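One file, upload-v6.cif, is given below (mmCIF, C-alpha atoms).
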```
data_structure
#
loop_
_atom_site.label_atom_id
_atom_site.label_comp_id
_atom_site.auth_asym_id
_atom_site.auth_seq_id
_atom_site.Cartn_x
_atom_site.Cartn_y
_atom_site.Cartn_z
CA MET A 111 112.43 81.30 150.73
CA SER A 112 110.04 83.68 152.55
CA LYS A 113 106.33 83.69 151.75
CA LEU A 114 106.56 87.30 150.52
CA LYS A 115 109.35 86.39 148.11
CA VAL A 116 107.38 83.40 146.82
CA PHE A 117 104.41 85.68 146.15
CA THR A 118 106.32 88.54 144.50
CA ASN A 119 108.59 86.31 142.40
CA GLY A 120 106.03 85.79 139.65
CA ILE A 121 105.06 89.45 139.45
CA VAL A 122 108.43 90.93 138.47
CA LYS A 123 111.56 88.81 138.95
CA GLU A 124 110.16 85.66 137.33
CA ASN A 125 107.24 87.09 135.39
CA PRO A 126 105.95 84.05 133.44
CA VAL A 127 105.53 85.94 130.16
CA LEU A 128 108.32 88.51 130.13
CA ARG A 129 110.99 86.69 132.15
CA LEU A 130 110.29 82.96 131.64
CA VAL A 131 108.77 83.50 128.16
CA LEU A 132 105.88 81.10 128.82
CA GLY A 133 102.29 81.37 127.60
CA THR A 134 103.30 83.39 124.56
CA CYS A 135 100.54 82.03 122.31
CA PRO A 136 97.53 83.20 124.39
CA THR A 137 99.42 86.39 125.26
CA LEU A 138 99.69 87.40 121.62
CA ALA A 139 96.24 86.08 120.65
CA VAL A 140 93.96 87.64 123.27
CA THR A 141 95.63 91.01 123.92
CA THR A 142 93.86 92.91 121.15
CA ALA A 143 91.89 94.57 123.97
CA ALA A 144 92.66 95.22 127.63
CA ILE A 145 89.41 93.61 128.85
CA ASN A 146 90.41 90.34 127.16
CA GLY A 147 93.62 90.37 129.17
CA ILE A 148 91.66 90.62 132.41
CA GLY A 149 89.38 87.75 131.39
CA MET A 150 92.20 85.40 130.39
CA GLY A 151 94.41 86.44 133.31
CA VAL A 152 91.76 85.93 135.98
CA ALA A 153 90.71 82.58 134.49
CA ALA A 154 94.32 81.38 134.37
CA THR A 155 94.96 82.63 137.92
CA VAL A 156 91.97 80.71 139.32
CA VAL A 157 93.15 77.54 137.58
CA LEU A 158 96.73 78.14 138.77
CA VAL A 159 95.78 78.56 142.41
CA CYS A 160 93.27 75.69 142.49
CA SER A 161 95.55 73.24 140.65
CA ASN A 162 98.51 74.22 142.86
CA ILE A 163 96.43 73.49 145.96
CA ALA A 164 95.27 70.10 144.67
CA ILE A 165 98.71 69.04 143.45
CA SER A 166 100.38 70.16 146.67
CA LEU A 167 97.89 68.16 148.74
CA LEU A 168 98.38 65.08 146.54
CA ARG A 169 102.15 65.44 146.04
CA ASN A 170 102.96 62.44 148.26
CA ILE A 171 100.26 60.28 146.71
CA ILE A 172 100.72 60.77 142.96
CA PRO A 173 103.30 58.24 141.61
CA ASN A 174 106.30 59.93 140.02
CA ARG A 175 105.92 58.00 136.75
CA VAL A 176 102.44 59.32 136.07
CA ARG A 177 102.76 62.77 137.60
CA ILE A 178 102.47 64.71 134.31
CA PRO A 179 99.24 62.95 133.18
CA ALA A 180 97.91 63.39 136.72
CA PHE A 181 98.77 67.10 136.73
CA ILE A 182 97.08 67.61 133.36
CA THR A 183 93.96 65.77 134.53
CA ILE A 184 93.73 67.95 137.64
CA ILE A 185 94.30 71.13 135.61
CA ALA A 186 91.72 70.05 133.00
CA GLY A 187 89.11 69.57 135.73
CA PHE A 188 89.54 73.12 137.03
CA VAL A 189 89.64 74.56 133.50
CA THR A 190 86.32 72.88 132.73
CA VAL A 191 84.75 74.42 135.84
CA VAL A 192 86.11 77.89 134.99
CA GLN A 193 85.00 77.61 131.36
CA MET A 194 81.45 76.65 132.38
CA LEU A 195 81.26 79.58 134.82
CA VAL A 196 82.52 82.05 132.18
CA LYS A 197 80.04 80.71 129.61
CA ALA A 198 77.20 81.08 132.10
CA PHE A 199 77.96 84.49 133.58
CA LEU A 200 80.34 86.24 131.13
CA PRO A 201 79.33 85.17 127.61
CA ALA A 202 81.00 88.22 126.01
CA ILE A 203 84.36 87.29 127.56
CA ASP A 204 83.84 83.66 126.57
CA LYS A 205 83.25 84.72 122.95
CA ALA A 206 86.27 87.05 122.95
CA LEU A 207 88.66 84.43 124.37
CA GLY A 208 87.30 81.66 122.15
CA ILE A 209 89.42 78.51 121.95
CA TYR A 210 92.11 80.00 124.19
CA LEU A 211 89.96 79.56 127.30
CA PRO A 212 89.81 75.73 127.14
CA LEU A 213 93.43 75.71 125.99
CA ILE A 214 94.43 76.88 129.48
CA VAL A 215 94.67 73.11 130.07
CA VAL A 216 97.94 73.04 128.11
CA ASN A 217 99.17 76.46 129.20
CA CYS A 218 102.83 75.84 130.00
CA ILE A 219 102.76 78.38 132.85
CA ILE A 220 100.33 76.25 134.84
CA LEU A 221 102.06 72.95 134.11
CA ALA A 222 105.47 74.48 134.87
CA ARG A 223 104.34 75.69 138.30
CA ALA A 224 102.81 72.30 139.06
CA GLU A 225 106.06 70.55 138.10
CA MET A 226 108.55 73.01 139.57
CA PHE A 227 106.78 74.23 142.70
CA ALA A 228 103.42 72.78 143.79
CA CYS A 229 104.54 69.13 143.74
CA LYS A 230 107.50 69.99 145.99
CA ASN A 231 106.01 72.45 148.48
CA PRO A 232 103.22 72.71 151.11
CA VAL A 233 99.81 74.22 150.37
CA ILE A 234 100.30 77.82 151.59
CA PRO A 235 103.49 78.51 149.57
CA SER A 236 101.83 76.85 146.56
CA ILE A 237 98.84 79.18 146.87
CA LEU A 238 101.14 82.20 147.07
CA ASP A 239 103.15 80.97 144.09
CA GLY A 240 99.97 80.53 142.04
CA LEU A 241 98.67 83.97 143.02
CA GLY A 242 101.99 85.67 142.23
CA MET A 243 102.38 83.98 138.86
CA GLY A 244 98.72 84.65 138.05
CA ILE A 245 98.97 88.34 138.93
CA GLY A 246 102.16 88.66 136.88
CA PHE A 247 100.47 86.95 133.92
CA THR A 248 97.33 89.09 134.24
CA ALA A 249 99.28 92.35 134.60
CA THR A 250 101.28 91.58 131.46
CA LEU A 251 98.16 90.73 129.46
CA VAL A 252 96.35 93.89 130.59
CA LEU A 253 99.36 96.12 129.91
CA MET A 254 99.93 94.62 126.48
CA GLY A 255 96.21 94.73 125.68
CA ALA A 256 95.94 98.36 126.77
CA ILE A 257 98.89 99.40 124.59
CA ARG A 258 97.59 97.54 121.53
CA GLU A 259 94.01 98.75 122.02
CA LEU A 260 95.09 102.37 122.56
CA LEU A 261 97.36 102.50 119.51
CA GLY A 262 95.22 100.27 117.30
CA ALA A 263 91.72 101.48 118.12
CA GLY A 264 92.17 104.67 120.13
CA THR A 265 90.34 103.19 123.12
CA ILE A 266 91.09 101.61 126.51
CA PHE A 267 88.51 99.20 127.94
CA GLY A 268 86.23 100.37 125.13
CA ILE A 269 86.41 104.03 126.21
CA THR A 270 87.57 106.40 123.46
CA VAL A 271 90.79 108.16 124.45
CA THR A 272 92.46 109.58 121.34
CA ALA A 273 89.39 110.76 119.39
CA GLY A 274 90.56 113.25 116.73
CA ALA A 275 94.06 113.52 118.25
CA ILE A 276 95.82 110.42 116.92
CA GLU A 277 94.69 108.29 114.01
CA PRO A 278 94.40 104.62 115.14
CA MET A 279 97.07 102.32 113.68
CA LEU A 280 95.31 99.06 112.86
CA VAL A 281 98.60 97.17 112.67
CA PHE A 282 98.71 97.05 116.48
CA ILE A 283 95.46 95.04 116.56
CA LEU A 284 96.96 92.58 114.05
CA PRO A 285 99.57 89.85 114.83
CA PRO A 286 102.59 91.95 113.72
CA GLY A 287 101.63 94.64 116.22
CA GLY A 288 101.32 92.01 118.94
CA PHE A 289 104.84 90.73 118.29
CA PHE A 290 106.18 94.30 118.19
CA VAL A 291 104.65 95.25 121.57
CA PHE A 292 105.67 91.91 123.08
CA GLY A 293 109.27 92.44 121.95
CA LEU A 294 109.34 95.93 123.46
CA LEU A 295 108.01 94.69 126.80
CA VAL A 296 110.54 91.84 126.92
CA ALA A 297 113.33 94.34 126.18
CA LEU A 298 112.04 96.62 128.95
CA SER A 299 111.88 93.70 131.40
CA ASN A 300 115.49 92.83 130.51
CA VAL A 301 116.60 96.37 131.33
CA LEU A 302 114.77 96.24 134.68
CA ALA A 303 116.18 92.78 135.38
CA GLU A 304 119.75 93.95 134.85
CA LYS A 305 119.17 96.85 137.25
CA MET A 306 117.84 94.38 139.81
CA GLY A 307 120.84 92.09 139.33
CA LYS A 308 118.93 89.39 137.47
CA LYS A 309 120.14 87.71 134.29
CA PRO A 310 118.28 89.04 131.21
CA VAL A 311 116.46 86.73 128.79
CA THR A 312 118.90 86.12 125.95
CA THR A 313 117.91 82.64 124.73
CA LEU A 314 114.77 80.58 124.36
CA GLY A 315 114.21 76.84 124.40
CA CYS A 316 115.83 74.50 126.92
CA ALA A 317 118.38 77.07 128.05
CA ASN A 318 115.60 79.26 129.46
CA CYS A 319 113.14 76.51 130.38
CA PRO A 320 112.05 76.57 134.06
CA SER A 321 111.50 72.80 133.94
CA ARG A 322 114.96 71.93 132.60
CA SER A 323 116.08 70.28 135.85
CA ALA A 324 113.20 67.81 135.69
CA CYS A 325 112.97 67.37 131.92
CA LYS A 326 114.84 64.49 130.25
CA GLU A 327 115.04 66.29 126.89
CA CYS A 328 116.44 69.45 128.48
CA LYS A 329 119.08 67.42 130.30
CA GLU A 330 120.12 65.77 127.03
CA VAL A 331 120.37 69.15 125.30
CA SER A 332 122.46 70.54 128.17
CA GLU A 333 124.83 67.56 128.04
CA ASN A 334 125.34 68.01 124.29
CA GLU A 335 126.08 71.74 124.52
#
```
Take the structure from the file and write it as structure tokens.
Amino acid sequence: MSKLKVFTNGIVKENPVLRLVLGTCPTLAVTTAAINGIGMGVAATVVLVCSNIAISLLRNIIPNRVRIPAFITIIAGFVTVVQMLVKAFLPAIDKALGIYLPLIVVNCIILARAEMFACKNPVIPSILDGLGMGIGFTATLVLMGAIRELLGAGTIFGITVTAGAIEPMLVFILPPGGFFVFGLLVALSNVLAEKMGKKPVTTLGCANCPSRSACKECKEVSENE
């Protein structure tokens, strides 16, 4: 696989949110405003790239039996650093993201890339994979946040856009609006995927899990189907 393909995979073809359906919880929780999407996306991207580098460098040293605890420990270390930096220099973003910033530790996007890519590939491809997945994640969060903020508050990045023209619909700032916008974006990504010759997302769970080849539970489910 070429370096360009590794980088672009996570942006469109294997977008972690819309194609792999990972990281749904923070996606729905923090996208009430576009600026929150940038904050969460950048933080997750930094952790993705740094953890991919570390795991790629240590891939021949970490014993296979303890690889998952080792990956989580590495990820947690970088998340702690990012959280401390955000608290120190961007307190407003830290307050807006709340508990979802430290919960990047258990973000399945980051663990999935560690398991499926970084532990099997050299450093440079792992960096590109982390950047691509991070950009795809950030772009989705910003797009979703912009749509919800525009329709729910009449603003984008806090700047009033629809003053007096369209009455804000508060439902889009609430959880139901998040699910509605998320569903529309997944449907749109399916249409684009079909045009690009990719299989659309039709099922969740083990059937669509990117870690199914390495997961014992997924293998058992596949054997029973």
List the residues matched by the PyMOL selection byres ((chain A and resi 196-208) around 8) in the displayed structure as a compact mmCIF listing (two decimals) with C-alpha atoms, in the frame of the given file, ordered by chain and then by residue number.
```txt
# COMPACT_ATOMS: atom_id res chain seq x y z
CA VAL A 140 93.96 87.64 123.27
CA ASN A 146 90.41 90.34 127.16
CA GLY A 149 89.38 87.75 131.39
CA MET A 150 92.20 85.40 130.39
CA VAL A 192 86.11 77.89 134.99
CA GLN A 193 85.00 77.61 131.36
CA MET A 194 81.45 76.65 132.38
CA LEU A 195 81.26 79.58 134.82
CA ILE A 209 89.42 78.51 121.95
CA TYR A 210 92.11 80.00 124.19
CA LEU A 211 89.96 79.56 127.30
```
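Among the candidates A:Met226, A:Ala297, A:Leu280, A:Ile269, the one nearest to Ala144 of chain A when counting all atoms listed in the file is A:Ile269.
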For Ala228 of chain A, work out the shell of residues within 12 Å, counting only C-alpha atoms and skipping chain neighbours fewer than 3 positions away, then give it as number ranges by chain.
A: 116, 158-170, 177, 181, 220-225, 231-240
Taking (102.5, 84.2, 141.1) in the coordinates of the supplied file, I want to know which residues reach to within 6 Å of it, counting only C-alpha atoms; could you give the answer as a count of residues only?
9
So which one's closest to Lys230 of chain A, A:Ala249, A:Leu213, A:Ile172, A:Met279? Using all atoms listed in the file, please.
A:Ile172
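Of note, atom CA of Leu132 of chain A and atom CA of Pro278 of chain A are spaced 29.5 Å apart.
Reported to one decimal place, the separation of atom CA of Thr265 of chain A from atom CA of Leu138 of chain A is 18.4 Å.
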Please indicate the distance in Å from atom CA of Asn217 of chain A to atom CA of Gly246 of chain A, rounded to one decimal place.
14.7 Å
Any idea what's packed within 8 Å of segment 121-129 of chain A, counting all atoms listed in the file, ignoring anything in its chain fewer than 3 positions away? Could you give it as a PDB file with C-alpha atoms, in the coordinates of the input?
```
ATOM      1  CA  PHE A 117     104.410  85.680 146.150  1.00  0.00           C
ATOM      2  CA  THR A 118     106.320  88.540 144.500  1.00  0.00           C
ATOM      3  CA  LEU A 132     105.880  81.100 128.820  1.00  0.00           C
ATOM      4  CA  GLY A 133     102.290  81.370 127.600  1.00  0.00           C
ATOM      5  CA  THR A 134     103.300  83.390 124.560  1.00  0.00           C
ATOM      6  CA  THR A 137      99.420  86.390 125.260  1.00  0.00           C
ATOM      7  CA  ILE A 219     102.760  78.380 132.850  1.00  0.00           C
ATOM      8  CA  GLY A 242     101.990  85.670 142.230  1.00  0.00           C
ATOM      9  CA  MET A 243     102.380  83.980 138.860  1.00  0.00           C
ATOM     10  CA  ILE A 245      98.970  88.340 138.930  1.00  0.00           C
ATOM     11  CA  GLY A 246     102.160  88.660 136.880  1.00  0.00           C
ATOM     12  CA  PHE A 247     100.470  86.950 133.920  1.00  0.00           C
ATOM     13  CA  THR A 250     101.280  91.580 131.460  1.00  0.00           C
ATOM     14  CA  LEU A 295     108.010  94.690 126.800  1.00  0.00           C
ATOM     15  CA  VAL A 296     110.540  91.840 126.920  1.00  0.00           C
ATOM     16  CA  SER A 299     111.880  93.700 131.400  1.00  0.00           C
ATOM     17  CA  ASN A 300     115.490  92.830 130.510  1.00  0.00           C
ATOM     18  CA  ALA A 303     116.180  92.780 135.380  1.00  0.00           C
ATOM     19  CA  LYS A 308     118.930  89.390 137.470  1.00  0.00           C
ATOM     20  CA  PRO A 310     118.280  89.040 131.210  1.00  0.00           C
ATOM     21  CA  VAL A 311     116.460  86.730 128.790  1.00  0.00           C
TER      22      VAL A 311
END
```
